[in-house]
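File shown: final-v2.tsv (TSV, C-alpha atoms and all ligand atoms).
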chain	number	residue	atom	x	y	z
A	78	MET	CA	6.05	33.96	-35.96
A	79	LYS	CA	4.58	30.89	-37.64
A	80	ARG	CA	5.76	28.00	-35.52
A	81	ASN	CA	3.18	25.69	-34.08
A	82	PRO	CA	4.52	22.18	-33.53
A	83	GLU	CA	1.87	19.45	-33.35
A	84	ARG	CA	2.96	18.26	-29.93
A	85	MET	CA	2.43	21.71	-28.35
A	86	LYS	CA	-1.27	21.42	-29.20
A	87	GLN	CA	-1.48	18.79	-26.44
A	88	LEU	CA	-0.63	21.41	-23.85
A	89	SER	CA	-3.74	23.54	-23.40
A	90	PRO	CA	-3.13	26.44	-20.99
A	91	TYR	CA	-2.36	25.25	-17.49
A	92	PHE	CA	-5.31	26.12	-15.23
A	93	PHE	CA	-3.15	27.66	-12.53
A	94	ALA	CA	-1.30	29.87	-15.03
A	95	ARG	CA	-4.63	31.36	-16.19
A	96	LEU	CA	-5.89	31.67	-12.62
A	97	SER	CA	-2.75	33.54	-11.51
A	98	GLN	CA	-3.42	36.12	-14.20
A	99	ARG	CA	-6.98	36.72	-12.95
A	100	LEU	CA	-5.81	36.86	-9.34
A	101	ALA	CA	-3.16	39.44	-10.23
A	102	GLU	CA	-5.85	41.61	-11.90
A	103	MET	CA	-8.10	41.33	-8.85
A	104	LYS	CA	-5.27	42.24	-6.50
A	105	ALA	CA	-4.38	45.22	-8.69
A	106	GLN	CA	-8.01	46.37	-8.26
A	107	GLY	CA	-7.52	46.20	-4.50
A	108	ARG	CA	-9.58	43.01	-3.95
A	109	ASP	CA	-8.66	40.89	-0.93
A	110	VAL	CA	-8.06	37.46	-2.44
A	111	ILE	CA	-7.75	34.33	-0.27
A	112	ARG	CA	-5.94	31.57	-2.12
A	113	LEU	CA	-7.12	28.09	-1.28
A	114	ASP	CA	-6.39	26.83	-4.78
A	115	GLU	CA	-2.74	25.89	-5.25
A	116	GLY	CA	-1.04	23.20	-3.15
A	117	SER	CA	1.85	25.43	-2.17
A	118	PRO	CA	2.62	25.15	1.57
A	119	ASP	CA	2.30	28.53	3.30
A	120	MET	CA	4.60	27.58	6.18
A	121	PRO	CA	8.42	27.67	5.94
A	122	PRO	CA	10.78	24.72	6.38
A	123	ALA	CA	12.39	24.20	9.81
A	124	ALA	CA	15.17	26.62	10.77
A	125	HIS	CA	17.94	23.99	10.56
A	126	ILE	CA	17.17	23.50	6.85
A	127	ILE	CA	17.47	27.20	6.04
A	128	LYS	CA	20.66	27.35	8.12
A	129	ALA	CA	22.17	24.52	6.07
A	130	LEU	CA	21.35	26.41	2.86
A	131	ASN	CA	23.02	29.59	4.15
A	132	GLU	CA	26.09	27.80	5.46
A	133	SER	CA	26.58	25.96	2.20
A	134	ALA	CA	26.15	29.09	0.08
A	135	ILE	CA	29.11	30.73	1.88
A	136	HIS	CA	31.53	28.18	0.39
A	137	SER	CA	33.22	29.62	-2.68
A	138	ASP	CA	33.33	26.21	-4.37
A	139	HIS	CA	29.57	25.49	-3.99
A	140	HIS	CA	28.43	27.55	-6.96
A	141	GLY	CA	29.32	25.41	-9.94
A	142	TYR	CA	27.48	22.59	-11.72
A	143	GLN	CA	26.94	19.44	-9.73
A	144	SER	CA	26.92	15.82	-10.84
A	145	HIS	CA	23.59	14.78	-12.40
A	146	ARG	CA	23.36	12.20	-9.66
A	147	GLY	CA	23.71	14.86	-6.94
A	148	THR	CA	26.27	14.21	-4.20
A	149	PRO	CA	26.70	10.72	-2.68
A	150	ASP	CA	25.51	12.21	0.64
A	151	LEU	CA	22.25	13.35	-0.94
A	152	ARG	CA	21.54	9.92	-2.39
A	153	GLN	CA	22.44	8.36	0.96
A	154	ALA	CA	20.07	10.75	2.75
A	155	TRP	CA	17.15	9.62	0.55
A	156	VAL	CA	18.12	5.98	1.11
A	157	GLY	CA	18.24	6.75	4.84
A	158	LEU	CA	14.70	8.15	4.73
A	159	TYR	CA	13.34	4.97	3.15
A	160	GLN	CA	15.26	2.86	5.65
A	161	ARG	CA	13.94	4.87	8.60
A	162	LEU	CA	10.31	5.20	7.49
A	163	TYR	CA	9.80	1.82	5.81
A	164	GLY	CA	12.78	-0.42	6.59
A	165	ILE	CA	13.56	-0.64	2.85
A	166	ASN	CA	17.21	-1.08	1.86
A	167	LEU	CA	17.91	0.80	-1.37
A	168	ASP	CA	21.26	1.08	-3.10
A	169	PRO	CA	22.31	4.75	-3.34
A	170	ASP	CA	24.10	4.12	-6.64
A	171	GLN	CA	21.35	2.16	-8.39
A	172	HIS	CA	17.99	2.97	-6.88
A	173	ILE	CA	17.79	6.76	-6.78
A	174	ILE	CA	18.31	9.87	-8.84
A	175	PRO	CA	17.67	13.38	-7.53
A	176	LEU	CA	15.14	15.60	-9.31
A	177	LEU	CA	14.54	19.33	-9.60
A	178	GLY	CA	11.16	18.82	-7.94
A	179	SER	CA	9.07	15.78	-8.80
A	180	LYS	CA	7.06	17.56	-11.52
A	181	GLU	CA	9.95	17.62	-13.97
A	182	GLY	CA	10.74	13.98	-13.20
A	183	ILE	CA	7.13	12.96	-13.79
A	184	PHE	CA	6.97	14.84	-17.10
A	185	HIS	CA	10.40	13.73	-18.28
A	186	LEU	CA	9.70	10.09	-17.44
A	187	SER	CA	7.08	10.00	-20.18
A	188	LEU	CA	9.61	11.37	-22.66
A	189	ALA	CA	12.15	8.78	-21.56
A	190	MET	CA	9.89	5.71	-21.49
A	191	LEU	CA	7.01	6.00	-23.96
A	192	ASN	CA	6.43	5.28	-27.61
A	193	PRO	CA	3.65	7.09	-29.46
A	194	SER	CA	1.40	4.01	-29.66
A	195	ASP	CA	1.64	3.20	-25.95
A	196	ILE	CA	-1.22	3.52	-23.50
A	197	VAL	CA	-0.70	5.16	-20.12
A	198	LEU	CA	-3.08	4.52	-17.21
A	199	VAL	CA	-3.76	7.68	-15.25
A	200	PRO	CA	-5.99	8.28	-12.23
A	201	ASP	CA	-9.00	10.54	-12.83
A	202	PRO	CA	-9.26	12.86	-10.97
A	203	GLY	CA	-5.50	13.24	-10.80
A	204	TYR	CA	-2.45	15.45	-11.05
A	205	ILE	CA	-2.44	16.70	-14.61
A	206	THR	CA	1.28	16.22	-15.35
A	207	TYR	CA	0.82	12.42	-15.76
A	208	THR	CA	-1.55	13.10	-18.64
A	209	ARG	CA	0.35	16.01	-20.14
A	210	GLY	CA	3.61	14.03	-20.32
A	211	ALA	CA	1.87	11.13	-22.07
A	212	LEU	CA	0.04	13.33	-24.57
A	213	PHE	CA	3.21	15.29	-25.30
A	214	VAL	CA	4.92	12.19	-26.66
A	215	GLY	CA	1.81	11.13	-28.59
A	216	ALA	CA	0.87	8.26	-26.28
A	217	ASP	CA	-2.78	7.53	-25.45
A	218	VAL	CA	-4.22	8.01	-22.02
A	219	TYR	CA	-6.69	5.62	-20.37
A	220	ARG	CA	-8.42	7.23	-17.41
A	221	MET	CA	-8.94	5.07	-14.34
A	222	PRO	CA	-11.94	6.54	-12.50
A	223	LEU	CA	-11.35	7.19	-8.80
A	224	LEU	CA	-14.80	6.84	-7.30
A	225	LYS	CA	-15.87	7.60	-3.76
A	226	GLU	CA	-17.61	4.22	-3.46
A	227	ASN	CA	-14.23	2.51	-4.13
A	228	GLY	CA	-12.39	4.65	-1.59
A	229	PHE	CA	-10.97	6.63	-4.55
A	230	LEU	CA	-8.84	3.61	-5.57
A	231	PRO	CA	-8.81	2.52	-9.23
A	232	ASP	CA	-10.56	-0.75	-10.08
A	233	LEU	CA	-7.81	-2.71	-11.84
A	234	GLN	CA	-10.26	-5.46	-12.86
A	235	ALA	CA	-12.34	-2.93	-14.78
A	236	ILE	CA	-9.54	-2.04	-17.21
A	237	PRO	CA	-10.30	-3.75	-20.55
A	238	SER	CA	-7.72	-6.36	-21.63
A	239	GLU	CA	-7.20	-4.67	-25.01
A	240	VAL	CA	-6.15	-1.55	-23.07
A	241	ILE	CA	-3.88	-3.49	-20.74
A	242	ASN	CA	-2.16	-5.17	-23.72
A	243	LYS	CA	-1.00	-1.80	-25.02
A	244	THR	CA	-0.21	-0.26	-21.62
A	245	SER	CA	3.40	0.44	-20.75
A	246	LEU	CA	3.03	2.84	-17.85
A	247	MET	CA	0.65	3.39	-14.94
A	248	TRP	CA	0.46	6.31	-12.52
A	249	LEU	CA	-0.78	6.19	-8.93
A	250	ASN	CA	-0.71	8.81	-6.20
A	251	TYR	CA	-1.45	8.17	-2.49
A	252	PRO	CA	-2.05	10.10	-0.33
A	253	ASN	CA	-4.05	11.33	-3.27
A	254	ASN	CA	-4.26	14.74	-4.77
A	255	PRO	CA	-7.04	15.86	-5.08
A	256	THR	CA	-9.25	13.36	-3.19
A	257	ALA	CA	-7.15	13.28	0.03
A	258	SER	CA	-7.59	9.49	0.17
A	259	LEU	CA	-5.09	6.82	1.23
A	260	ALA	CA	-4.14	3.43	-0.22
A	261	ASP	CA	-3.03	0.60	2.03
A	262	GLN	CA	-0.12	-1.75	1.47
A	263	SER	CA	-2.33	-4.63	0.34
A	264	PHE	CA	-3.61	-2.48	-2.54
A	265	PHE	CA	-0.01	-1.71	-3.50
A	266	ASP	CA	0.81	-5.45	-3.32
A	267	GLN	CA	-1.98	-6.12	-5.83
A	268	VAL	CA	-0.70	-3.33	-8.08
A	269	ILE	CA	2.78	-4.87	-8.21
A	270	VAL	CA	1.33	-8.29	-9.12
A	271	PHE	CA	-0.79	-6.61	-11.83
A	272	ALA	CA	2.23	-4.68	-13.17
A	273	LYS	CA	4.37	-7.83	-13.30
A	274	GLN	CA	1.68	-9.88	-14.99
A	275	ASN	CA	1.21	-7.25	-17.66
A	276	ASP	CA	4.74	-5.92	-18.06
A	277	ILE	CA	3.79	-2.40	-16.94
A	278	LEU	CA	6.07	0.11	-15.25
A	279	VAL	CA	4.10	1.46	-12.31
A	280	CYS	CA	4.98	4.90	-11.02
A	281	HIS	CA	3.81	6.01	-7.62
A	282	ASP	CA	3.74	9.72	-6.89
A	283	ALA	CA	4.50	9.85	-3.17
A	284	ALA	CA	4.57	13.63	-2.74
A	285	TYR	CA	2.23	13.57	0.28
A	286	THR	CA	3.41	10.48	2.17
A	287	GLN	CA	4.57	12.59	5.11
A	288	VAL	CA	1.53	14.84	5.22
A	289	THR	CA	-0.69	12.54	7.26
A	290	TYR	CA	-2.89	13.04	10.28
A	291	ASN	CA	-2.44	9.77	12.16
A	292	GLY	CA	1.22	10.23	13.11
A	293	GLN	CA	2.38	7.61	10.59
A	294	PRO	CA	3.82	8.06	7.11
A	295	ALA	CA	1.55	6.73	4.35
A	296	PRO	CA	2.73	3.42	2.79
A	297	SER	CA	5.39	3.27	0.09
A	298	LEU	CA	4.84	1.26	-3.09
A	299	LEU	CA	8.48	0.20	-2.79
A	300	SER	CA	7.61	-1.80	0.36
A	301	SER	CA	5.56	-4.24	-1.71
A	302	PRO	CA	7.30	-7.50	-2.67
A	303	GLY	CA	8.97	-7.33	-6.09
A	304	ALA	CA	8.45	-3.55	-6.42
A	305	LEU	CA	12.01	-2.86	-7.49
A	306	ASP	CA	11.43	-5.03	-10.60
A	307	VAL	CA	8.56	-2.93	-11.96
A	308	ALA	CA	8.10	0.25	-9.96
A	309	LEU	CA	9.33	3.76	-9.42
A	310	GLU	CA	8.36	6.11	-6.63
A	311	PHE	CA	8.55	9.88	-7.00
A	312	ASN	CA	9.19	11.55	-3.65
A	313	SER	CA	9.60	15.23	-2.96
A	314	LEU	CA	10.51	17.64	-0.19
A	315	SER	CA	7.98	20.18	-1.51
A	316	LYS	CA	5.10	19.14	0.73
A	317	SER	CA	6.83	16.87	3.24
A	318	HIS	CA	9.26	19.61	4.34
A	319	ASN	CA	7.52	22.80	3.10
A	320	MET	CA	10.14	23.25	0.38
A	321	ALA	CA	7.96	23.65	-2.73
A	322	GLY	CA	9.93	26.57	-4.17
A	323	TRP	CA	13.29	24.91	-3.60
A	324	ARG	CA	12.80	22.26	-6.30
A	325	THR	CA	14.24	19.17	-4.65
A	326	ALA	CA	12.89	15.65	-5.03
A	327	ALA	CA	13.94	12.14	-6.07
A	328	ALA	CA	12.91	9.19	-8.20
A	329	LEU	CA	13.55	5.87	-6.49
A	330	GLY	CA	13.17	2.25	-7.52
A	331	ASN	CA	13.74	0.22	-10.68
A	332	PRO	CA	17.32	0.77	-11.98
A	333	ASP	CA	16.48	0.41	-15.71
A	334	ALA	CA	13.71	3.01	-15.59
A	335	LEU	CA	15.96	5.30	-13.56
A	336	GLN	CA	18.73	4.92	-16.12
A	337	ALA	CA	16.37	5.99	-18.92
A	338	LEU	CA	15.21	9.00	-16.92
A	339	PHE	CA	18.81	9.82	-16.04
A	340	SER	CA	19.90	9.75	-19.71
A	341	LEU	CA	17.09	12.11	-20.62
A	342	LYS	CA	17.86	14.46	-17.74
A	343	THR	CA	21.55	14.70	-18.58
A	344	ASN	CA	20.33	16.34	-21.79
A	345	ALA	CA	17.65	18.50	-20.23
A	346	ASP	CA	19.08	19.93	-16.98
A	347	SER	CA	22.23	20.27	-14.95
A	348	SER	CA	21.29	19.04	-11.48
A	349	LEU	CA	20.59	20.89	-8.24
A	350	PHE	CA	22.33	23.91	-6.69
A	351	ARG	CA	24.80	22.64	-4.10
A	352	PRO	CA	23.33	24.63	-1.17
A	353	ILE	CA	19.94	23.09	-2.00
A	354	ILE	CA	21.55	19.66	-2.00
A	355	ASP	CA	23.03	20.36	1.44
A	356	ALA	CA	19.76	21.75	2.76
A	357	SER	CA	17.93	18.69	1.41
A	358	ILE	CA	20.32	16.46	3.33
A	359	ALA	CA	19.60	18.53	6.47
A	360	ALA	CA	15.87	18.14	5.79
A	361	LEU	CA	16.11	14.37	5.31
A	362	GLU	CA	18.51	13.64	8.18
A	363	GLY	CA	17.85	16.38	10.73
A	364	ASP	CA	15.15	16.67	13.38
A	365	GLN	CA	11.78	15.49	12.01
A	366	ASN	CA	9.53	16.32	14.97
A	367	TRP	CA	8.42	19.58	13.41
A	368	ILE	CA	6.66	17.64	10.65
A	369	GLN	CA	4.12	16.28	13.15
A	370	GLU	CA	3.54	19.78	14.51
A	371	ARG	CA	3.04	21.08	10.98
A	372	ASN	CA	0.62	18.26	10.21
A	373	ALA	CA	-1.36	19.12	13.36
A	374	ILE	CA	-1.82	22.63	11.93
A	375	TYR	CA	-3.18	21.23	8.64
A	376	ARG	CA	-5.46	19.05	10.73
A	377	GLN	CA	-6.88	22.05	12.62
A	378	ARG	CA	-7.47	23.85	9.35
A	379	SER	CA	-9.19	20.83	7.80
A	380	ASP	CA	-11.44	20.47	10.87
A	381	LEU	CA	-12.47	24.11	10.50
A	382	VAL	CA	-13.05	23.90	6.75
A	383	VAL	CA	-15.04	20.65	6.87
A	384	ALA	CA	-17.19	21.83	9.80
A	385	SER	CA	-17.92	25.10	7.96
A	386	LEU	CA	-18.78	23.32	4.71
A	387	LEU	CA	-21.13	20.94	6.50
A	388	GLN	CA	-22.87	23.93	8.06
A	389	MET	CA	-23.36	25.35	4.57
A	390	GLY	CA	-24.95	22.05	3.53
A	391	ILE	CA	-21.93	21.01	1.43
A	392	LYS	CA	-20.83	17.38	1.58
A	393	ALA	CA	-17.19	16.95	2.61
A	394	ASP	CA	-15.17	14.31	4.46
A	395	LEU	CA	-12.31	14.97	6.85
A	396	PRO	CA	-9.10	14.16	4.98
A	397	SER	CA	-6.84	11.45	6.44
A	398	ALA	CA	-3.80	12.89	4.69
A	399	SER	CA	-2.60	15.48	2.14
A	400	MET	CA	-3.32	19.19	2.48
A	401	TYR	CA	-6.69	19.28	0.75
A	402	VAL	CA	-10.39	18.97	1.42
A	403	TRP	CA	-12.27	17.34	-1.46
A	404	ALA	CA	-15.84	18.56	-1.22
A	405	SER	CA	-18.98	18.35	-3.37
A	406	VAL	CA	-20.04	21.49	-5.19
A	407	PRO	CA	-23.55	22.65	-4.25
A	408	GLN	CA	-26.31	20.99	-6.24
A	409	GLY	CA	-27.03	22.42	-9.66
A	410	TRP	CA	-23.54	23.85	-10.19
A	411	LYS	CA	-20.69	22.84	-12.50
A	412	SER	CA	-17.44	23.01	-10.57
A	413	MET	CA	-15.82	25.51	-12.95
A	414	ASP	CA	-18.77	27.92	-12.72
A	415	PHE	CA	-19.00	27.60	-8.95
A	416	ALA	CA	-15.28	28.35	-8.46
A	417	ALA	CA	-15.38	31.26	-10.91
A	418	GLN	CA	-18.48	32.85	-9.29
A	419	LEU	CA	-17.11	32.29	-5.79
A	420	LEU	CA	-13.90	34.05	-6.76
A	421	GLU	CA	-15.64	37.00	-8.38
A	422	LYS	CA	-18.21	37.45	-5.60
A	423	THR	CA	-16.06	36.76	-2.53
A	424	GLY	CA	-12.38	36.79	-3.50
A	425	VAL	CA	-12.04	33.17	-2.30
A	426	SER	CA	-10.07	31.08	-4.78
A	427	LEU	CA	-10.32	27.30	-4.85
A	428	THR	CA	-9.83	24.68	-7.55
A	429	PRO	CA	-12.76	23.26	-9.53
A	430	GLY	CA	-12.69	19.47	-9.49
A	431	VAL	CA	-13.01	19.18	-13.26
A	432	VAL	CA	-9.49	20.59	-13.61
A	433	PHE	CA	-8.30	17.17	-12.39
A	434	GLY	CA	-10.32	15.22	-14.95
A	435	GLU	CA	-13.90	14.41	-15.88
A	436	TYR	CA	-14.45	12.33	-12.72
A	437	GLY	CA	-13.56	15.43	-10.69
A	438	GLU	CA	-16.73	17.14	-11.92
A	439	GLY	CA	-19.14	17.72	-9.04
A	440	TYR	CA	-16.27	18.39	-6.65
A	441	MET	CA	-14.01	21.22	-5.58
A	442	ARG	CA	-10.60	21.10	-3.95
A	443	ILE	CA	-9.85	23.38	-1.04
A	444	ALA	CA	-6.16	23.67	-0.18
A	445	LEU	CA	-5.33	24.01	3.51
A	446	THR	CA	-2.64	26.55	2.74
A	447	ALA	CA	-4.01	29.62	4.51
A	448	SER	CA	-3.77	30.36	8.23
A	449	ILE	CA	-6.71	29.27	10.34
A	450	GLU	CA	-7.80	32.93	10.64
A	451	ARG	CA	-7.79	33.43	6.86
A	452	ALA	CA	-9.46	30.05	6.29
A	453	GLN	CA	-12.19	31.19	8.71
A	454	VAL	CA	-12.66	34.45	6.78
A	455	ALA	CA	-12.84	32.46	3.53
A	456	MET	CA	-15.48	30.12	4.96
A	457	ASP	CA	-17.48	33.06	6.36
A	458	ARG	CA	-17.48	34.78	2.96
A	459	MET	CA	-18.50	31.59	1.21
A	460	GLY	CA	-21.31	30.96	3.73
A	461	GLU	CA	-22.56	34.54	3.39
A	462	TRP	CA	-22.56	34.36	-0.40
A	463	MET	CA	-24.38	31.05	-0.41
A	464	GLY	CA	-26.84	32.38	2.19
A	465	SER	CA	-27.68	35.26	-0.15
A	466	TRP	CA	-29.06	32.85	-2.79
A	467	HIS	CA	-32.28	32.23	-0.86
B	501	LIG	C1	0.30	14.89	-6.66
B	501	LIG	C2	1.44	15.81	-6.92
B	501	LIG	N1	2.54	15.31	-7.47
B	501	LIG	C3	3.61	16.08	-7.74
B	501	LIG	C4	3.58	17.43	-7.46
B	501	LIG	C5	4.78	18.26	-7.82
B	501	LIG	O1	5.55	18.52	-6.73
B	501	LIG	P1	7.03	19.06	-6.86
B	501	LIG	O2	7.36	19.23	-8.31
B	501	LIG	O3	7.04	20.36	-6.15
B	501	LIG	O4	7.90	18.02	-6.22
B	501	LIG	C6	2.45	18.00	-6.90
B	501	LIG	C7	2.39	19.45	-6.65
B	501	LIG	O5	1.39	20.04	-6.35
B	501	LIG	C8	1.36	17.17	-6.62
B	501	LIG	O6	0.23	17.64	-6.08

Rewrite the structure of this file - the entire thing - as structure tokens.
Ligand SMILES: Cc1ncc(COP(=O)(O)O)c(C=O)c1O
Amino acid sequence: MKRNPERMKQLSPYFFARLSQRLAEMKAQGRDVIRLDEGSPDMPPAAHIIKALNESAIHSDHHGYQSHRGTPDLRQAWVGLYQRLYGINLDPDQHIIPLLGSKEGIFHLSLAMLNPSDIVLVPDPGYITYTRGALFVGADVYRMPLLKENGFLPDLQAIPSEVINKTSLMWLNYPNNPTASLADQSFFDQVIVFAKQNDILVCHDAAYTQVTYNGQPAPSLLSSPGALDVALEFNSLSKSHNMAGWRTAAALGNPDALQALFSLKTNADSSLFRPIIDASIAALEGDQNWIQERNAIYRQRSDLVVASLLQMGIKADLPSASMYVWASVPQGWKSMDFAAQLLEKTGVSLTPGVVFGEYGEGYMRIALTASIERAQVAMDRMGEWMGSWH
């Protein structure tokens, strides 16, 4: 078959797709693999969410296509979340559309909003879908370095004016994957001013705003004055409510940008399964106390992982949020080689920092998605392997 469209050349194999293949081979050989690579929560959602899914599925009329806007109750539930967490009043008919997980929304937004000559500002290191969406439509990507000395925030002043002049879209993500860092509201306020001054749509990926360790949700970009004029926020139940496989999320904010995304999506998908809509409402409106308990478990795991890494002589900070530890790779190693050798020698799988961009080199990301017992085994194996070097 001789079909090779130009735009597909932008999509080099997804790291996790290749890794899954290697992990499957290792498992087939009987190796005990511990996955600390992908950000897929290992714990289930609360029982009332699963109950809502089951109860909805029993209805004979819940199996057809749904409106592309989801049900009014679903939109109201998202609006309710923003009201409860941030005191923001959104309009359920203008300021939100449901998504089949935030990844498709993030990718499709580029298709809906960008021209080939546009520049897109992406954080580096960062979630790769921002870049892939931009490249797919032929736009150019300008990488904003996230450096430890700047608290892993981009330096807006450092972006050259000739880049800014051609920029139509900017991506941010706090709590940040992979660096586990937070942004405060005053940073978001500056971003909105910057976006308004330069006529940029700013998109905040808020997937981890409820995975925090201080008992408070992380700030929303939509709380900043004027945000609805220039900003979208992508929120998701994948991490906040342990529903990664369910594919339920939302884009919230600027009505014009949402309308463009909506038009594209009416051509690309056919909305969520009704029982997932009903379970999402249960997730958003039901008891939320379990989220704190879940976060406390991530916290225990991160304490264990960071203490173990420090003992091995590896630099790592305790995360304030997200479900990752962002640690330095041992001196003399490239992150890809270190992760590959660690996997082959010990069966422990983590993500090399360079997968998230060139500024991720020198780091590795450890996902807190294994039980504390398995995380301990993983750290023991890593320590033993590193001990054997001397
Ligand atoms: C920063 C970030 N954004 C978005 C996503 C996608 O989440 P989902 O499509 O499950 O909502 C992920 C998943 O790992 C992520 O880490």

Kindly work out which residues sit at most 6 Å from ligand LIG 501 (chain B), using only C-alpha atoms and all ligand atoms, and give the list as a PDB file with C-alpha atoms, keeping the file's coordinate frame.
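Below is the file selection37.pdb, written as the result:
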ATOM      1  CA  GLY A 116      -1.040  23.200  -3.150  1.00  0.00           C
ATOM      2  CA  GLY A 178      11.160  18.820  -7.940  1.00  0.00           C
ATOM      3  CA  SER A 179       9.070  15.780  -8.800  1.00  0.00           C
ATOM      4  CA  LYS A 180       7.060  17.560 -11.520  1.00  0.00           C
ATOM      5  CA  TYR A 204      -2.450  15.450 -11.050  1.00  0.00           C
ATOM      6  CA  ASN A 254      -4.260  14.740  -4.770  1.00  0.00           C
ATOM      7  CA  ASP A 282       3.740   9.720  -6.890  1.00  0.00           C
ATOM      8  CA  ALA A 284       4.570  13.630  -2.740  1.00  0.00           C
ATOM      9  CA  SER A 313       9.600  15.230  -2.960  1.00  0.00           C
ATOM     10  CA  SER A 315       7.980  20.180  -1.510  1.00  0.00           C
ATOM     11  CA  ALA A 321       7.960  23.650  -2.730  1.00  0.00           C
ATOM     12  CA  ALA A 326      12.890  15.650  -5.030  1.00  0.00           C
TER      13      ALA A 326
END

* **Using all atoms listed in the file: which of A:Ile374, A:Leu335, A:Met456, A:Ile353 has the shortest distance to A:Met190** => A:Leu335

* Asked: Mind pulling up the distance from atom CA of A:Gly424 to atom CA of A:Gly460?
  -> 12.9 Å

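Interatomic distance, atom CA of A:Lys342 to atom CA of A:Ser357: 19.6 Å.
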
* **Pick from A:Phe433, A:Phe311, A:Tyr375, A:Tyr251 nearest to A:Thr208, counting only C-alpha atoms** =>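 Closest to A:Thr208 of all the choices is A:Phe433.
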
* Asked: If you measure from atom CA of A:Ala216 to atom CA of A:Glu438, what distance in Å do you get, rounded to one decimal?
  ->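 According to the coordinates, atom CA of A:Ala216 and atom CA of A:Glu438 are separated by 24.4 Å.
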
* Sel. within 10 Å of pt (17.9, 2.9, -8.7), counting only C-alpha atoms, output as a PyMOL selection string -> chain A and resi 167-174+305+309+328-336

Generate a file of the selected residues that holds C-alpha atoms, formatted as a short mmCIF file (atom, residue, chain, number, x, y, z; two decimals), keeping the file's coordinate frame.
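Here's the written file again23.cif:
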data_model
loop_
_atom_site.label_atom_id
_atom_site.label_comp_id
_atom_site.auth_asym_id
_atom_site.auth_seq_id
_atom_site.Cartn_x
_atom_site.Cartn_y
_atom_site.Cartn_z
CA LEU A 167 17.91 0.80 -1.37
CA ASP A 168 21.26 1.08 -3.10
CA PRO A 169 22.31 4.75 -3.34
CA ASP A 170 24.10 4.12 -6.64
CA GLN A 171 21.35 2.16 -8.39
CA HIS A 172 17.99 2.97 -6.88
CA ILE A 173 17.79 6.76 -6.78
CA ILE A 174 18.31 9.87 -8.84
CA LEU A 305 12.01 -2.86 -7.49
CA LEU A 309 9.33 3.76 -9.42
CA ALA A 328 12.91 9.19 -8.20
CA LEU A 329 13.55 5.87 -6.49
CA GLY A 330 13.17 2.25 -7.52
CA ASN A 331 13.74 0.22 -10.68
CA PRO A 332 17.32 0.77 -11.98
CA ASP A 333 16.48 0.41 -15.71
CA ALA A 334 13.71 3.01 -15.59
CA LEU A 335 15.96 5.30 -13.56
CA GLN A 336 18.73 4.92 -16.12
#

* Asked: Could you pull the residues within 9 Å of A:Pro122, counting only C-alpha atoms, minus those fewer than 4 positions along the same chain, as a ChimeraX atom specification?
  -> /A:126-127,318-320,360

* Name all residues at most 10 Å from A:Asn131 (count all atoms listed in the file; drop same-chain ones fewer than 5 positions away) and give them as a list in words. =>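 So the residues in contact are His125, Ile126, His136, Pro352, Ile353, Asp355 and Ala356 of chain A.
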
Write the selection just made, keeping C-alpha atoms, as a PDB file, in the frame of the given file?
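Below is the file that was written, result_5.pdb:
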ATOM      1  CA  HIS A 125      17.940  23.990  10.560  1.00  0.00           C
ATOM      2  CA  ILE A 126      17.170  23.500   6.850  1.00  0.00           C
ATOM      3  CA  HIS A 136      31.530  28.180   0.390  1.00  0.00           C
ATOM      4  CA  PRO A 352      23.330  24.630  -1.170  1.00  0.00           C
ATOM      5  CA  ILE A 353      19.940  23.090  -2.000  1.00  0.00           C
ATOM      6  CA  ASP A 355      23.030  20.360   1.440  1.00  0.00           C
ATOM      7  CA  ALA A 356      19.760  21.750   2.760  1.00  0.00           C
TER       8      ALA A 356
END

* Nearest to A:Lys86, chosen from A:Phe213, A:Gly228, A:Val382, A:Val110, with all atoms listed in the file counted in the distances ->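 Answer, going by the shortest atom-to-atom distance: A:Phe213.
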
* Nearest to A:Leu381 by atom-to-atom distance, counting all atoms listed in the file, from A:Leu88, A:Leu341, A:Ala304, A:Leu445 ->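 Looking at the shortest contact to A:Leu381, the residue is A:Leu445.
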
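Non-sequential neighbours of A:Gln267 (distance at most 12 Å, separation of 2 or more positions within a chain, only C-alpha atoms) are Leu230, Pro231, Asp232, Leu233, Gln234, Ala260, Asp261, Gln262, Ser263, Phe264, Phe265, Ile269, Val270, Phe271, Ala272, Lys273, Gln274, Val279, Leu298, Ser301, Pro302, Gly303 and Ala304 of chain A.
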
* For A:Val402, which residue out of A:Leu113, A:Ala189, A:Leu338, A:Met221 is the nearest one, using all atoms listed in the file? -> A:Leu113

* To do: Using all atoms listed in the file, determine which residues lie at most 10 Å from stretch 95-100 of chain A, disregarding the query and same-chain residues fewer than 6 positions distant; provide the list as a count of residues only.
  => 15

* Fewer than 4 positions away in the same chain doesn't count, so skip those; otherwise give me all residues within 10 Å of A:Ser194, counting all atoms listed in the file, as number ranges by chain. => A: 214-217, 243-245

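Minimum distance to A:Ile165 across A:Gly434, A:Gly409, A:Pro396, A:Pro296 (counting only C-alpha atoms) occurs at A:Pro296.
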
* **Residues within 9 Å of (-9.2, 21.7, -9.8), file coords, all atoms listed in the file, listed as JSON, numbers by chain** => {"A": [92, 93, 114, 115, 202, 255, 412, 413, 427, 428, 429, 430, 431, 432, 433, 434, 437, 440, 441, 442, 443]}
